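Novice: Handing over input_23.cif, mmCIF, N, CA and C atoms.
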```cif
data_upload
loop_
_atom_site.label_atom_id
_atom_site.label_comp_id
_atom_site.auth_asym_id
_atom_site.auth_seq_id
_atom_site.Cartn_x
_atom_site.Cartn_y
_atom_site.Cartn_z
N MET K 1 -55.70 -100.40 85.41
CA MET K 1 -55.39 -100.93 86.72
C MET K 1 -53.88 -100.81 86.95
N SER K 2 -53.49 -100.29 88.09
CA SER K 2 -52.07 -100.15 88.38
C SER K 2 -51.47 -101.51 88.72
N MET K 3 -50.16 -101.59 88.62
CA MET K 3 -49.45 -102.81 88.96
C MET K 3 -49.78 -103.25 90.39
N PHE K 4 -49.89 -102.29 91.31
CA PHE K 4 -50.13 -102.60 92.71
C PHE K 4 -51.53 -103.15 92.96
N ALA K 5 -52.48 -102.79 92.12
CA ALA K 5 -53.86 -103.25 92.29
C ALA K 5 -54.12 -104.57 91.57
N SER K 6 -53.16 -105.07 90.83
CA SER K 6 -53.32 -106.33 90.13
C SER K 6 -53.51 -107.46 91.15
N PRO K 7 -54.42 -108.39 90.88
CA PRO K 7 -54.60 -109.50 91.80
C PRO K 7 -53.37 -110.40 91.89
N ARG K 8 -52.44 -110.27 90.97
CA ARG K 8 -51.21 -111.07 91.01
C ARG K 8 -50.09 -110.40 91.80
N PHE K 9 -50.27 -109.12 92.15
CA PHE K 9 -49.19 -108.38 92.80
C PHE K 9 -48.82 -108.97 94.16
N LEU K 10 -49.80 -109.13 95.04
CA LEU K 10 -49.50 -109.65 96.38
C LEU K 10 -48.90 -111.05 96.34
N PRO K 11 -49.45 -111.99 95.57
CA PRO K 11 -48.80 -113.30 95.51
C PRO K 11 -47.35 -113.22 95.03
N ARG K 12 -47.08 -112.34 94.07
CA ARG K 12 -45.70 -112.20 93.58
C ARG K 12 -44.78 -111.66 94.67
N VAL K 13 -45.26 -110.70 95.43
CA VAL K 13 -44.44 -110.16 96.52
C VAL K 13 -44.22 -111.24 97.58
N MET K 14 -45.24 -112.03 97.86
CA MET K 14 -45.08 -113.11 98.84
C MET K 14 -44.11 -114.17 98.34
N TRP K 15 -44.14 -114.48 97.03
CA TRP K 15 -43.15 -115.41 96.47
C TRP K 15 -41.74 -114.84 96.60
N ALA K 16 -41.58 -113.54 96.37
CA ALA K 16 -40.27 -112.90 96.52
C ALA K 16 -39.81 -112.97 97.98
N ASP K 17 -40.74 -112.74 98.90
CA ASP K 17 -40.42 -112.83 100.33
C ASP K 17 -39.99 -114.25 100.67
N ALA K 18 -40.74 -115.23 100.18
CA ALA K 18 -40.41 -116.64 100.45
C ALA K 18 -39.03 -116.98 99.89
N ALA K 19 -38.76 -116.55 98.67
CA ALA K 19 -37.47 -116.87 98.04
C ALA K 19 -36.31 -116.23 98.77
N SER K 20 -36.46 -114.96 99.16
CA SER K 20 -35.35 -114.28 99.85
C SER K 20 -35.09 -114.92 101.21
N CYS K 21 -36.16 -115.30 101.91
CA CYS K 21 -35.98 -115.93 103.22
C CYS K 21 -35.39 -117.33 103.08
N ALA K 22 -35.83 -118.08 102.08
CA ALA K 22 -35.28 -119.42 101.86
C ALA K 22 -33.79 -119.33 101.53
N ALA K 23 -33.42 -118.38 100.70
CA ALA K 23 -32.01 -118.22 100.33
C ALA K 23 -31.16 -117.82 101.54
N SER K 24 -31.62 -116.83 102.29
CA SER K 24 -30.86 -116.40 103.48
C SER K 24 -30.78 -117.50 104.52
N GLY K 25 -31.92 -118.13 104.77
CA GLY K 25 -31.95 -119.21 105.77
C GLY K 25 -31.05 -120.36 105.39
N ALA K 26 -31.11 -120.79 104.13
CA ALA K 26 -30.27 -121.90 103.68
C ALA K 26 -28.79 -121.52 103.76
N LEU K 27 -28.44 -120.31 103.36
CA LEU K 27 -27.06 -119.87 103.45
C LEU K 27 -26.57 -119.87 104.90
N GLN K 28 -27.40 -119.37 105.79
CA GLN K 28 -27.01 -119.31 107.21
C GLN K 28 -26.84 -120.71 107.80
N LEU K 29 -27.57 -121.68 107.31
CA LEU K 29 -27.43 -123.05 107.83
C LEU K 29 -26.30 -123.81 107.15
N VAL K 30 -26.19 -123.68 105.85
CA VAL K 30 -25.19 -124.45 105.10
C VAL K 30 -23.78 -123.87 105.31
N ALA K 31 -23.68 -122.57 105.36
CA ALA K 31 -22.37 -121.92 105.48
C ALA K 31 -22.31 -121.09 106.77
N GLY K 32 -22.92 -121.60 107.83
CA GLY K 32 -22.98 -120.84 109.08
C GLY K 32 -21.63 -120.46 109.65
N GLN K 33 -20.72 -121.42 109.74
CA GLN K 33 -19.41 -121.12 110.34
C GLN K 33 -18.61 -120.14 109.51
N PRO K 34 -18.47 -120.34 108.21
CA PRO K 34 -17.74 -119.32 107.42
C PRO K 34 -18.41 -117.95 107.47
N LEU K 35 -19.74 -117.94 107.46
CA LEU K 35 -20.46 -116.67 107.55
C LEU K 35 -20.22 -116.01 108.90
N SER K 36 -20.20 -116.81 109.95
CA SER K 36 -19.90 -116.29 111.28
C SER K 36 -18.48 -115.71 111.34
N ASP K 37 -17.54 -116.43 110.73
CA ASP K 37 -16.14 -115.97 110.72
C ASP K 37 -15.99 -114.63 109.99
N VAL K 38 -16.72 -114.47 108.90
CA VAL K 38 -16.60 -113.26 108.08
C VAL K 38 -17.35 -112.08 108.71
N THR K 39 -18.53 -112.35 109.30
CA THR K 39 -19.38 -111.27 109.78
C THR K 39 -19.18 -110.92 111.25
N GLY K 40 -18.73 -111.89 112.04
CA GLY K 40 -18.65 -111.67 113.48
C GLY K 40 -19.96 -111.99 114.18
N LEU K 41 -20.99 -112.43 113.42
CA LEU K 41 -22.26 -112.83 114.04
C LEU K 41 -22.08 -114.19 114.69
N PRO K 42 -22.66 -114.39 115.87
CA PRO K 42 -22.54 -115.69 116.53
C PRO K 42 -23.17 -116.81 115.70
N LEU K 43 -22.50 -117.96 115.64
CA LEU K 43 -23.00 -119.09 114.87
C LEU K 43 -24.40 -119.50 115.35
N ALA K 44 -24.62 -119.49 116.65
CA ALA K 44 -25.93 -119.88 117.19
C ALA K 44 -27.03 -118.94 116.68
N LEU K 45 -26.74 -117.65 116.58
CA LEU K 45 -27.71 -116.69 116.06
C LEU K 45 -27.99 -116.95 114.58
N LEU K 46 -26.95 -117.19 113.81
CA LEU K 46 -27.12 -117.48 112.39
C LEU K 46 -27.94 -118.76 112.18
N GLN K 47 -27.65 -119.79 112.97
CA GLN K 47 -28.37 -121.05 112.81
C GLN K 47 -29.82 -120.93 113.24
N SER K 48 -30.07 -120.31 114.38
CA SER K 48 -31.45 -120.20 114.85
C SER K 48 -32.29 -119.33 113.91
N THR K 49 -31.74 -118.23 113.46
CA THR K 49 -32.50 -117.40 112.52
C THR K 49 -32.59 -118.07 111.15
N GLY K 50 -31.60 -118.88 110.80
CA GLY K 50 -31.66 -119.64 109.55
C GLY K 50 -32.84 -120.60 109.55
N TRP K 51 -33.03 -121.33 110.65
CA TRP K 51 -34.18 -122.23 110.75
C TRP K 51 -35.49 -121.45 110.73
N PHE K 52 -35.52 -120.33 111.44
CA PHE K 52 -36.72 -119.51 111.43
C PHE K 52 -37.05 -119.04 110.01
N LEU K 53 -36.04 -118.57 109.29
CA LEU K 53 -36.25 -118.07 107.94
C LEU K 53 -36.77 -119.16 107.00
N LEU K 54 -36.25 -120.38 107.15
CA LEU K 54 -36.75 -121.47 106.31
C LEU K 54 -38.21 -121.79 106.63
N GLY K 55 -38.56 -121.81 107.90
CA GLY K 55 -39.95 -122.03 108.28
C GLY K 55 -40.85 -120.93 107.78
N TYR K 56 -40.40 -119.70 107.92
CA TYR K 56 -41.17 -118.56 107.42
C TYR K 56 -41.32 -118.63 105.90
N ALA K 57 -40.27 -119.03 105.20
CA ALA K 57 -40.33 -119.14 103.74
C ALA K 57 -41.42 -120.11 103.31
N LEU K 58 -41.56 -121.21 104.04
CA LEU K 58 -42.64 -122.16 103.72
C LEU K 58 -44.00 -121.52 103.93
N LEU K 59 -44.16 -120.79 105.02
CA LEU K 59 -45.43 -120.11 105.29
C LEU K 59 -45.73 -119.04 104.23
N ALA K 60 -44.73 -118.28 103.87
CA ALA K 60 -44.91 -117.23 102.84
C ALA K 60 -45.28 -117.87 101.50
N ALA K 61 -44.64 -118.99 101.15
CA ALA K 61 -44.97 -119.67 99.90
C ALA K 61 -46.40 -120.20 99.94
N TRP K 62 -46.81 -120.72 101.09
CA TRP K 62 -48.18 -121.19 101.24
C TRP K 62 -49.17 -120.04 101.02
N MET K 63 -48.88 -118.87 101.61
CA MET K 63 -49.75 -117.71 101.43
C MET K 63 -49.78 -117.28 99.97
N ALA K 64 -48.63 -117.29 99.31
CA ALA K 64 -48.56 -116.86 97.91
C ALA K 64 -49.37 -117.78 97.01
N ALA K 65 -49.46 -119.06 97.37
CA ALA K 65 -50.14 -120.04 96.53
C ALA K 65 -51.66 -120.05 96.74
N ARG K 66 -52.15 -119.38 97.76
CA ARG K 66 -53.59 -119.38 98.04
C ARG K 66 -54.32 -118.43 97.11
N SER K 67 -55.54 -118.80 96.78
CA SER K 67 -56.39 -117.91 96.00
C SER K 67 -57.77 -117.90 96.63
N PRO K 68 -58.17 -116.81 97.18
CA PRO K 68 -57.46 -115.54 97.29
C PRO K 68 -56.38 -115.62 98.37
N VAL K 69 -55.45 -114.68 98.31
CA VAL K 69 -54.38 -114.65 99.31
C VAL K 69 -55.00 -114.32 100.67
N PRO K 70 -54.43 -114.90 101.74
CA PRO K 70 -54.94 -114.63 103.09
C PRO K 70 -54.51 -113.24 103.57
N ARG K 71 -55.33 -112.26 103.31
CA ARG K 71 -54.99 -110.86 103.56
C ARG K 71 -54.63 -110.59 105.02
N ARG K 72 -55.38 -111.17 105.95
CA ARG K 72 -55.07 -110.90 107.37
C ARG K 72 -53.71 -111.46 107.76
N LEU K 73 -53.38 -112.63 107.25
CA LEU K 73 -52.06 -113.18 107.53
C LEU K 73 -50.96 -112.32 106.92
N ILE K 74 -51.21 -111.83 105.72
CA ILE K 74 -50.22 -110.96 105.09
C ILE K 74 -50.10 -109.66 105.88
N GLY K 75 -51.18 -109.18 106.46
CA GLY K 75 -51.10 -108.03 107.35
C GLY K 75 -50.18 -108.30 108.53
N LEU K 76 -50.26 -109.52 109.09
CA LEU K 76 -49.34 -109.89 110.18
C LEU K 76 -47.90 -109.98 109.68
N VAL K 77 -47.73 -110.44 108.45
CA VAL K 77 -46.40 -110.51 107.86
C VAL K 77 -45.79 -109.12 107.75
N VAL K 78 -46.60 -108.15 107.36
CA VAL K 78 -46.12 -106.76 107.27
C VAL K 78 -45.57 -106.31 108.62
N VAL K 79 -46.35 -106.55 109.67
CA VAL K 79 -45.91 -106.17 111.02
C VAL K 79 -44.63 -106.92 111.39
N GLY K 80 -44.61 -108.22 111.09
CA GLY K 80 -43.42 -109.03 111.39
C GLY K 80 -42.20 -108.56 110.63
N ASN K 81 -42.37 -108.19 109.37
CA ASN K 81 -41.23 -107.71 108.60
C ASN K 81 -40.69 -106.40 109.15
N PHE K 82 -41.59 -105.49 109.50
CA PHE K 82 -41.11 -104.25 110.12
C PHE K 82 -40.43 -104.56 111.47
N GLY K 83 -40.98 -105.51 112.21
CA GLY K 83 -40.35 -105.92 113.47
C GLY K 83 -38.96 -106.51 113.27
N TRP K 84 -38.80 -107.29 112.21
CA TRP K 84 -37.49 -107.87 111.90
C TRP K 84 -36.49 -106.75 111.61
N ALA K 85 -36.92 -105.74 110.87
CA ALA K 85 -36.04 -104.61 110.57
C ALA K 85 -35.64 -103.87 111.84
N VAL K 86 -36.61 -103.64 112.73
CA VAL K 86 -36.31 -102.98 114.01
C VAL K 86 -35.33 -103.83 114.82
N GLY K 87 -35.54 -105.15 114.80
CA GLY K 87 -34.62 -106.05 115.49
C GLY K 87 -33.21 -105.98 114.93
N CYS K 88 -33.09 -105.87 113.62
CA CYS K 88 -31.77 -105.74 112.99
C CYS K 88 -31.07 -104.47 113.45
N VAL K 89 -31.81 -103.36 113.44
CA VAL K 89 -31.23 -102.09 113.88
C VAL K 89 -30.85 -102.16 115.35
N ALA K 90 -31.71 -102.77 116.17
CA ALA K 90 -31.42 -102.91 117.60
C ALA K 90 -30.18 -103.78 117.82
N LEU K 91 -30.04 -104.83 117.03
CA LEU K 91 -28.85 -105.69 117.14
C LEU K 91 -27.59 -104.88 116.86
N LEU K 92 -27.65 -104.03 115.86
CA LEU K 92 -26.48 -103.21 115.54
C LEU K 92 -26.22 -102.15 116.62
N ALA K 93 -27.30 -101.57 117.13
CA ALA K 93 -27.14 -100.48 118.09
C ALA K 93 -26.79 -100.97 119.49
N PHE K 94 -27.37 -102.09 119.89
CA PHE K 94 -27.25 -102.51 121.29
C PHE K 94 -26.67 -103.90 121.48
N GLY K 95 -26.35 -104.59 120.38
CA GLY K 95 -25.91 -105.98 120.48
C GLY K 95 -24.52 -106.16 121.07
N GLY K 96 -23.66 -105.17 120.92
CA GLY K 96 -22.32 -105.27 121.46
C GLY K 96 -21.55 -106.47 120.92
N LEU K 97 -21.79 -106.82 119.66
CA LEU K 97 -21.19 -108.02 119.11
C LEU K 97 -19.84 -107.78 118.45
N GLY K 98 -19.47 -106.54 118.22
CA GLY K 98 -18.20 -106.27 117.54
C GLY K 98 -18.18 -106.87 116.14
N LEU K 99 -19.21 -106.58 115.38
CA LEU K 99 -19.33 -107.13 114.03
C LEU K 99 -18.29 -106.52 113.10
N SER K 100 -17.92 -107.30 112.12
CA SER K 100 -17.06 -106.78 111.06
C SER K 100 -17.90 -105.89 110.15
N ALA K 101 -17.25 -105.23 109.22
CA ALA K 101 -17.99 -104.43 108.24
C ALA K 101 -18.95 -105.33 107.45
N TRP K 102 -18.52 -106.57 107.16
CA TRP K 102 -19.40 -107.52 106.48
C TRP K 102 -20.60 -107.88 107.35
N GLY K 103 -20.39 -107.97 108.64
CA GLY K 103 -21.49 -108.27 109.56
C GLY K 103 -22.52 -107.16 109.59
N VAL K 104 -22.03 -105.93 109.66
CA VAL K 104 -22.93 -104.77 109.63
C VAL K 104 -23.69 -104.76 108.31
N ALA K 105 -22.98 -105.02 107.20
CA ALA K 105 -23.62 -105.03 105.89
C ALA K 105 -24.67 -106.14 105.80
N TRP K 106 -24.38 -107.32 106.35
CA TRP K 106 -25.33 -108.44 106.33
C TRP K 106 -26.61 -108.07 107.07
N VAL K 107 -26.47 -107.50 108.25
CA VAL K 107 -27.63 -107.13 109.06
C VAL K 107 -28.41 -106.00 108.41
N LEU K 108 -27.70 -104.98 107.91
CA LEU K 108 -28.38 -103.87 107.24
C LEU K 108 -29.09 -104.32 105.96
N ALA K 109 -28.47 -105.25 105.22
CA ALA K 109 -29.10 -105.76 104.00
C ALA K 109 -30.41 -106.47 104.34
N GLN K 110 -30.41 -107.26 105.42
CA GLN K 110 -31.65 -107.93 105.82
C GLN K 110 -32.70 -106.90 106.21
N ALA K 111 -32.30 -105.89 106.96
CA ALA K 111 -33.26 -104.85 107.36
C ALA K 111 -33.83 -104.15 106.13
N LEU K 112 -33.00 -103.80 105.19
CA LEU K 112 -33.46 -103.11 103.99
C LEU K 112 -34.42 -103.98 103.17
N VAL K 113 -34.07 -105.24 102.99
CA VAL K 113 -34.92 -106.14 102.19
C VAL K 113 -36.29 -106.29 102.85
N VAL K 114 -36.33 -106.50 104.17
CA VAL K 114 -37.64 -106.71 104.80
C VAL K 114 -38.47 -105.43 104.83
N VAL K 115 -37.84 -104.28 104.92
CA VAL K 115 -38.60 -103.02 104.86
C VAL K 115 -39.20 -102.85 103.46
N VAL K 116 -38.43 -103.13 102.43
CA VAL K 116 -38.95 -103.02 101.06
C VAL K 116 -40.10 -104.00 100.86
N LEU K 117 -39.93 -105.25 101.30
CA LEU K 117 -40.99 -106.24 101.16
C LEU K 117 -42.23 -105.84 101.95
N ALA K 118 -42.04 -105.36 103.18
CA ALA K 118 -43.18 -104.95 104.00
C ALA K 118 -43.93 -103.80 103.33
N GLU K 119 -43.20 -102.86 102.78
CA GLU K 119 -43.85 -101.74 102.11
C GLU K 119 -44.62 -102.21 100.88
N LEU K 120 -44.04 -103.11 100.11
CA LEU K 120 -44.74 -103.65 98.94
C LEU K 120 -45.98 -104.44 99.36
N GLN K 121 -45.84 -105.22 100.42
CA GLN K 121 -46.99 -105.99 100.91
C GLN K 121 -48.09 -105.05 101.40
N TRP K 122 -47.73 -104.04 102.14
CA TRP K 122 -48.71 -103.08 102.66
C TRP K 122 -49.38 -102.33 101.50
N THR K 123 -48.59 -101.91 100.54
CA THR K 123 -49.16 -101.23 99.38
C THR K 123 -50.12 -102.15 98.63
N GLY K 124 -49.72 -103.39 98.44
CA GLY K 124 -50.59 -104.35 97.77
C GLY K 124 -51.87 -104.59 98.53
N LEU K 125 -51.78 -104.68 99.85
CA LEU K 125 -53.00 -104.86 100.65
C LEU K 125 -53.93 -103.66 100.52
N ARG K 126 -53.37 -102.47 100.60
CA ARG K 126 -54.20 -101.26 100.49
C ARG K 126 -54.83 -101.13 99.11
N ARG K 127 -54.08 -101.39 98.08
CA ARG K 127 -54.56 -101.18 96.71
C ARG K 127 -55.54 -102.25 96.26
N THR K 128 -55.53 -103.41 96.93
CA THR K 128 -56.42 -104.49 96.51
C THR K 128 -57.52 -104.75 97.53
N ARG K 129 -57.71 -103.89 98.49
CA ARG K 129 -58.71 -104.15 99.53
C ARG K 129 -60.13 -104.18 98.99
N ASP K 130 -60.35 -103.55 97.86
CA ASP K 130 -61.70 -103.57 97.30
C ASP K 130 -61.80 -104.49 96.08
N VAL K 131 -60.84 -105.41 95.96
CA VAL K 131 -60.88 -106.39 94.87
C VAL K 131 -61.29 -107.74 95.46
N VAL K 132 -62.32 -108.34 94.88
CA VAL K 132 -62.81 -109.64 95.33
C VAL K 132 -62.85 -110.56 94.12
N GLY K 133 -62.11 -111.67 94.19
CA GLY K 133 -62.14 -112.63 93.10
C GLY K 133 -61.70 -112.06 91.76
N GLY K 134 -60.83 -111.08 91.78
CA GLY K 134 -60.30 -110.50 90.55
C GLY K 134 -61.17 -109.39 89.97
N ALA K 135 -62.34 -109.13 90.55
CA ALA K 135 -63.21 -108.07 90.05
C ALA K 135 -63.26 -106.93 91.05
N ARG K 136 -63.17 -105.72 90.57
CA ARG K 136 -63.19 -104.57 91.45
C ARG K 136 -64.62 -104.38 91.98
N VAL K 137 -64.70 -104.16 93.29
CA VAL K 137 -66.00 -103.96 93.95
C VAL K 137 -66.22 -102.47 94.10
N ALA K 138 -67.39 -102.01 93.75
CA ALA K 138 -67.70 -100.58 93.86
C ALA K 138 -67.76 -100.20 95.33
N MET K 139 -67.12 -99.12 95.65
CA MET K 139 -67.13 -98.60 97.03
C MET K 139 -68.19 -97.54 97.12
N SER K 140 -69.12 -97.71 98.08
CA SER K 140 -70.18 -96.70 98.21
C SER K 140 -69.92 -95.77 99.34
#
```
Translate this file's structure into structure tokens.

Specialist:
Amino acid sequence: MSMFASPRFLPRVMWADAASCAASGALQLVAGQPLSDVTGLPLALLQSTGWFLLGYALLAAWMAARSPVPRRLIGLVVVGNFGWAVGCVALLAFGGLGLSAWGVAWVLAQALVVVVLAELQWTGLRRTRDVVGGARVAMS
């Protein structure tokens, strides 16, 4: 069985998603003003997305803890993660914010992380679609 088809793969990816969002969200809330000063991102944007990320982290952790994992919800997460990445690129292309190099790096890092997570989640969903309760189901 490949790593991607393991019944533990998707929960682990969801825990990683939850942890990365909790860390980013907490940083944006706790150190919002210094982060705004360094990146050029508006404090209101950092704070609002920080709260969103913390809420999402709780939802991702809840999904990771379920057995079996809620596959349809994780499918929505994949779409949302790709949407977040598109939003990051759009912010850079059309935001007109005059971000510092650190600001561009912060936004690009978020886009890269969510694309990697979305791809891992999608791969895990595809590779485990015929697994039920830890046992592989024969496909006819």

Novice: Assuming the chain letters and numbering stay as they are in my file, what does the PyMOL selection byres ((chain K and resi 82-92) around 6) actually select? List them as number ranges by chain.

Specialist: K: 77-81, 93-96, 107, 110-111, 114-115, 118

Novice: Would you mind telling me which residue in K:Val116, K:Val69, K:Ala64, K:Arg127 lies nearest to K:Arg12 when using only N, CA and C atoms?

Specialist: K:Ala64

Novice: Select, counting only C-alpha atoms, all protein, DNA and RNA residues no farther than 12 Å from (-40.1, -125.8, 101.2) in file coordinates, and express the selection as a PyMOL selection string.

Specialist: chain K and resi 15+18-19+21-23+25-26+51+53-62

Novice: What does the distance from atom CA of K:Ser20 to atom CA of K:Leu120 come to in Å, to one decimal?

Specialist: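 These atoms are spaced 14.2 Å apart.
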
Novice: Given the file shown, enumerate the residues that the PyMOL selection byres ((chain K and resi 40) around 6.5) captures and present them as a ChimeraX atom specification.

Specialist: /K:35-39,41-42,97-100,102-103

Novice: Report, in Å to a single decimal, how far apart atom N of K:Ala65 and atom C of K:Pro11 are.

Specialist: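 Straight-line distance from atom C of K:Pro11 to atom N of K:Ala65 works out to 6.6 Å.
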
Novice: Would you please give, as a VMD selection string, all residues of chain K that DSSP assigns to helix (DSSP H, G or I) based on the backbone?

Specialist: chain K and resid 3 to 5 9 to 30 32 to 39 43 to 65 71 to 94 101 to 127

Novice: Take the PyMOL selection byres ((chain K and resi 10) around 8), run it mentally on this structure, and tell me the resulting residues as a PyMOL selection string.

Specialist: chain K and resi 3-9+11-16+63-64+69+120-121+123-125

Novice: With DSSP run on the backbone, what are the strand (DSSP E) residues within chain K? I'd like them as a ChimeraX atom specification.

Specialist: /K:131-132,135-136

Novice: Separation of atom C of K:Leu76 and atom C of K:Val113, in Å?

Specialist: 14.0 Å
